[in-house]
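Right, one structure below, let's go through it.
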Amino acid sequence: MSATDSWIPSHEDLGGGVLGAVDRVLCWIVAGGLLAMSTILMIQVIARYVANAPTVWSEELAISLFVWVSMLAIPLGLRRGEHLTLDILSKRFGPRANKALSIVIAVLIIITLAVIAYLAIKLVPAADRQLLAGIAGGLGIQAKVSWVYLAVPVGFSFGILFTVERLVALLRGKVTVLNADADERFIESLDADVSTDVADGPTKKDAN
């Protein structure tokens, strides 16, 4: 098993089943949200600087979409182990200590997400009494502030679900770390592939 294989769960490990379907749906929602947000901002720029008639709803709608996209993207990063991590201590530990540390961190993540989601839910009733004035006035949709607040408990619920899934994979030995630097691992894998190609190059030429 290569370093990349031990870091990124394979399709067989985490890609299938109900959670795999949920993952794909979230990916499509996040992608659609980003596309919609970019389109709305482009409309606002054109309306303001070309038509000289700025919209009153675009900024509020774009911000609302940004919150939802961000909250739904968090669990996708948790499932793939791609969130930022500090490895100052873990690099000095052995495999067993790193596994124990990863378990502790996973439990702390679950607790933190649960607490924040609970606090966000408590704010929903108060936010339900407030309208997003720009959207309500510009589009005629009685959009409430609570619609934006709901992104936190929804996104963090998926985050808890995926963290538990990754923790189970960690306990079963399917992954060796909870999080890793995606860019660093990609570069290491690329360097290894390039080194292999360079080493095999002269041999292939000699064979010809």
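Within each chain, counting starts at residue 1; across the structure tokens, chains are named A, B, ... in the order shown, with ligands numbered 1 upward in that order.
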Exercise for the section: For Leu72 in chain A, list every protein, DNA or RNA residue within 12 Å, evaluated using only C-alpha atoms, and leave out those in the same chain fewer than 5 positions away; present the list as a PyMOL selection string. Expected result: chain A and resi 22-34+65-67+77-79+150-160+162
Hey, can you spit out that residue selection with C-alpha atoms as a PDB file, in the first residue's frame?
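What landed in out07.pdb:
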ATOM      1  CA  VAL A  22     -24.977  11.242  -0.167  1.00  0.00           C
ATOM      2  CA  ASP A  23     -21.433  12.347  -0.979  1.00  0.00           C
ATOM      3  CA  ARG A  24     -22.195  12.595  -4.689  1.00  0.00           C
ATOM      4  CA  VAL A  25     -25.412  14.527  -4.071  1.00  0.00           C
ATOM      5  CA  LEU A  26     -23.564  17.000  -1.847  1.00  0.00           C
ATOM      6  CA  CYS A  27     -20.879  17.413  -4.506  1.00  0.00           C
ATOM      7  CA  TRP A  28     -23.509  18.287  -7.107  1.00  0.00           C
ATOM      8  CA  ILE A  29     -25.249  20.703  -4.730  1.00  0.00           C
ATOM      9  CA  VAL A  30     -21.971  22.453  -3.897  1.00  0.00           C
ATOM     10  CA  ALA A  31     -21.020  22.655  -7.570  1.00  0.00           C
ATOM     11  CA  GLY A  32     -24.463  23.998  -8.473  1.00  0.00           C
ATOM     12  CA  GLY A  33     -24.287  26.514  -5.642  1.00  0.00           C
ATOM     13  CA  LEU A  34     -20.913  27.783  -6.811  1.00  0.00           C
ATOM     14  CA  LEU A  65     -25.553  30.659  -1.220  1.00  0.00           C
ATOM     15  CA  PHE A  66     -21.985  31.154  -0.021  1.00  0.00           C
ATOM     16  CA  VAL A  67     -22.978  30.106   3.501  1.00  0.00           C
ATOM     17  CA  GLY A  77     -13.457  17.700   3.123  1.00  0.00           C
ATOM     18  CA  LEU A  78     -13.898  15.699   6.331  1.00  0.00           C
ATOM     19  CA  ARG A  79     -14.790  12.558   4.397  1.00  0.00           C
ATOM     20  CA  LEU A 150     -30.129  26.181   8.871  1.00  0.00           C
ATOM     21  CA  ALA A 151     -27.029  25.629   6.728  1.00  0.00           C
ATOM     22  CA  VAL A 152     -24.963  25.187   9.897  1.00  0.00           C
ATOM     23  CA  PRO A 153     -26.848  22.287  11.546  1.00  0.00           C
ATOM     24  CA  VAL A 154     -27.476  20.616   8.178  1.00  0.00           C
ATOM     25  CA  GLY A 155     -23.857  20.826   7.068  1.00  0.00           C
ATOM     26  CA  PHE A 156     -22.470  19.846  10.458  1.00  0.00           C
ATOM     27  CA  SER A 157     -24.816  16.866  10.693  1.00  0.00           C
ATOM     28  CA  PHE A 158     -23.266  15.543   7.486  1.00  0.00           C
ATOM     29  CA  GLY A 159     -19.861  16.434   8.929  1.00  0.00           C
ATOM     30  CA  ILE A 160     -20.525  14.294  12.003  1.00  0.00           C
ATOM     31  CA  PHE A 162     -18.664  11.501   7.595  1.00  0.00           C
TER      32      PHE A 162
END
Selection near Arg166 in chain A, 10 Å with only C-alpha atoms, sequence-local residues under 2 positions removed, as a compact mmCIF listing (two decimals) with C-alpha atoms, in the first residue's frame:
# COMPACT_ATOMS: atom_id res chain seq x y z
CA PRO A 9 -9.84 6.02 1.01
CA ASP A 13 -13.71 1.63 1.13
CA LEU A 14 -15.73 4.84 1.17
CA LEU A 78 -13.90 15.70 6.33
CA ARG A 79 -14.79 12.56 4.40
CA ARG A 80 -11.69 12.86 2.25
CA GLY A 81 -9.38 13.89 5.10
CA ILE A 103 -9.01 8.97 17.27
CA ALA A 106 -12.01 12.68 15.49
CA ILE A 160 -20.52 14.29 12.00
CA LEU A 161 -21.74 11.44 9.81
CA PHE A 162 -18.66 11.50 7.60
CA THR A 163 -16.28 11.92 10.54
CA VAL A 164 -17.75 8.83 12.17
CA VAL A 168 -14.45 3.63 11.59
CA ALA A 169 -12.16 3.35 8.55
CA LEU A 170 -9.26 4.48 10.75
CA LEU A 171 -10.05 1.87 13.41
CA ARG A 172 -10.27 -0.83 10.74
CA LYS A 174 -8.36 1.36 5.91
CA VAL A 175 -6.77 4.78 6.45
CA VAL A 177 -4.38 9.29 9.35
CA LEU A 178 -7.45 11.43 9.91
CA ASN A 179 -6.23 14.37 7.83
Problem - From A:Leu108, A:Ile121, A:Ile74, A:Val56, residue lying nearest Ala136 in chain A [only C-alpha atoms] - result: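 Of all the options, A:Val56 lies closest to Ala136 in chain A.
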Completion exercise
As a check of understanding: the span from CA of Gln130 in chain A to CA of Val69 in chain A is 21.6 Å
Problem - Nearest to Glu59 in chain A, chosen from A:Gly138, A:Ala120, A:Gly20, A:Ser146, with only C-alpha atoms counted in the distances - result: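 Of all the options, A:Gly138 lies closest to Glu59 in chain A.
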Extract the full set of alpha helix (DSSP H) residues from range 35-138 of chain A according to DSSP on the backbone, and format it as a PDB file with C-alpha atoms, in the first residue's frame.
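File states00.pdb, as written:
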ATOM      1  CA  LEU A  35     -22.216  28.108 -10.367  1.00  0.00           C
ATOM      2  CA  ALA A  36     -25.335  29.943  -9.198  1.00  0.00           C
ATOM      3  CA  MET A  37     -23.311  32.234  -6.954  1.00  0.00           C
ATOM      4  CA  SER A  38     -20.906  33.125  -9.767  1.00  0.00           C
ATOM      5  CA  THR A  39     -23.818  33.767 -12.147  1.00  0.00           C
ATOM      6  CA  ILE A  40     -25.580  36.018  -9.638  1.00  0.00           C
ATOM      7  CA  LEU A  41     -22.435  38.053  -8.997  1.00  0.00           C
ATOM      8  CA  MET A  42     -21.882  38.412 -12.744  1.00  0.00           C
ATOM      9  CA  ILE A  43     -25.448  39.652 -13.155  1.00  0.00           C
ATOM     10  CA  GLN A  44     -24.860  42.188 -10.388  1.00  0.00           C
ATOM     11  CA  VAL A  45     -21.659  43.478 -12.021  1.00  0.00           C
ATOM     12  CA  ILE A  46     -23.373  43.844 -15.405  1.00  0.00           C
ATOM     13  CA  ALA A  47     -26.448  45.458 -13.859  1.00  0.00           C
ATOM     14  CA  ARG A  48     -24.386  47.929 -11.846  1.00  0.00           C
ATOM     15  CA  TYR A  49     -21.631  48.928 -14.262  1.00  0.00           C
ATOM     16  CA  SER A  58     -28.142  39.731  -5.771  1.00  0.00           C
ATOM     17  CA  GLU A  59     -25.714  40.408  -2.920  1.00  0.00           C
ATOM     18  CA  GLU A  60     -27.990  38.911  -0.271  1.00  0.00           C
ATOM     19  CA  LEU A  61     -28.704  35.841  -2.375  1.00  0.00           C
ATOM     20  CA  ALA A  62     -25.026  35.341  -3.192  1.00  0.00           C
ATOM     21  CA  ILE A  63     -24.089  35.577   0.503  1.00  0.00           C
ATOM     22  CA  SER A  64     -26.813  33.078   1.425  1.00  0.00           C
ATOM     23  CA  LEU A  65     -25.553  30.659  -1.220  1.00  0.00           C
ATOM     24  CA  PHE A  66     -21.985  31.154  -0.021  1.00  0.00           C
ATOM     25  CA  VAL A  67     -22.978  30.106   3.501  1.00  0.00           C
ATOM     26  CA  TRP A  68     -24.760  26.985   2.253  1.00  0.00           C
ATOM     27  CA  VAL A  69     -21.939  26.037  -0.120  1.00  0.00           C
ATOM     28  CA  SER A  70     -19.356  26.468   2.643  1.00  0.00           C
ATOM     29  CA  MET A  71     -21.310  24.454   5.216  1.00  0.00           C
ATOM     30  CA  LEU A  72     -21.977  21.612   2.768  1.00  0.00           C
ATOM     31  CA  ALA A  73     -18.379  21.556   1.532  1.00  0.00           C
ATOM     32  CA  ILE A  74     -17.031  21.066   5.069  1.00  0.00           C
ATOM     33  CA  PRO A  75     -18.305  17.466   5.366  1.00  0.00           C
ATOM     34  CA  LEU A  76     -16.893  16.641   1.911  1.00  0.00           C
ATOM     35  CA  GLY A  77     -13.457  17.700   3.123  1.00  0.00           C
ATOM     36  CA  LEU A  78     -13.898  15.699   6.331  1.00  0.00           C
ATOM     37  CA  ARG A  79     -14.790  12.558   4.397  1.00  0.00           C
ATOM     38  CA  ARG A  80     -11.693  12.864   2.246  1.00  0.00           C
ATOM     39  CA  PRO A  95       2.114   4.735  14.007  1.00  0.00           C
ATOM     40  CA  ARG A  96       0.320   3.696  17.219  1.00  0.00           C
ATOM     41  CA  ALA A  97       0.581   7.143  18.794  1.00  0.00           C
ATOM     42  CA  ASN A  98      -0.593   8.762  15.561  1.00  0.00           C
ATOM     43  CA  LYS A  99      -3.584   6.450  15.425  1.00  0.00           C
ATOM     44  CA  ALA A 100      -4.504   7.268  19.021  1.00  0.00           C
ATOM     45  CA  LEU A 101      -4.093  10.973  18.296  1.00  0.00           C
ATOM     46  CA  SER A 102      -6.304  10.688  15.221  1.00  0.00           C
ATOM     47  CA  ILE A 103      -9.009   8.970  17.268  1.00  0.00           C
ATOM     48  CA  VAL A 104      -8.930  11.730  19.891  1.00  0.00           C
ATOM     49  CA  ILE A 105      -9.091  14.418  17.197  1.00  0.00           C
ATOM     50  CA  ALA A 106     -12.012  12.680  15.487  1.00  0.00           C
ATOM     51  CA  VAL A 107     -13.953  12.557  18.757  1.00  0.00           C
ATOM     52  CA  LEU A 108     -13.207  16.243  19.397  1.00  0.00           C
ATOM     53  CA  ILE A 109     -14.386  17.112  15.879  1.00  0.00           C
ATOM     54  CA  ILE A 110     -17.652  15.252  16.425  1.00  0.00           C
ATOM     55  CA  ILE A 111     -18.243  16.975  19.766  1.00  0.00           C
ATOM     56  CA  THR A 112     -17.386  20.414  18.346  1.00  0.00           C
ATOM     57  CA  LEU A 113     -19.672  20.007  15.333  1.00  0.00           C
ATOM     58  CA  ALA A 114     -22.499  18.749  17.540  1.00  0.00           C
ATOM     59  CA  VAL A 115     -22.210  21.674  19.964  1.00  0.00           C
ATOM     60  CA  ILE A 116     -22.118  24.291  17.170  1.00  0.00           C
ATOM     61  CA  ALA A 117     -25.035  22.632  15.372  1.00  0.00           C
ATOM     62  CA  TYR A 118     -27.054  22.621  18.610  1.00  0.00           C
ATOM     63  CA  LEU A 119     -26.347  26.303  19.252  1.00  0.00           C
ATOM     64  CA  ALA A 120     -27.262  27.180  15.665  1.00  0.00           C
ATOM     65  CA  ILE A 121     -30.574  25.337  15.981  1.00  0.00           C
ATOM     66  CA  LYS A 122     -31.387  27.384  19.094  1.00  0.00           C
ATOM     67  CA  LEU A 123     -30.966  30.562  17.037  1.00  0.00           C
ATOM     68  CA  VAL A 124     -33.338  29.450  14.285  1.00  0.00           C
ATOM     69  CA  PRO A 125     -36.621  30.483  16.010  1.00  0.00           C
ATOM     70  CA  ALA A 126     -35.395  34.056  16.481  1.00  0.00           C
ATOM     71  CA  ALA A 127     -34.006  34.190  12.941  1.00  0.00           C
ATOM     72  CA  ALA A 133     -35.072  42.296   2.886  1.00  0.00           C
ATOM     73  CA  GLY A 134     -33.200  42.347  -0.418  1.00  0.00           C
ATOM     74  CA  ILE A 135     -34.541  39.000  -1.601  1.00  0.00           C
ATOM     75  CA  ALA A 136     -38.037  39.709  -0.281  1.00  0.00           C
ATOM     76  CA  GLY A 137     -38.188  43.126  -1.923  1.00  0.00           C
ATOM     77  CA  GLY A 138     -36.399  42.300  -5.158  1.00  0.00           C
TER      78      GLY A 138
END
Practice task
Mind giving me the straight-line distance from CA of Trp57 in chain A to CA of Leu131 in chain A in Å, one decimal?
Solution key: 12.3 Å
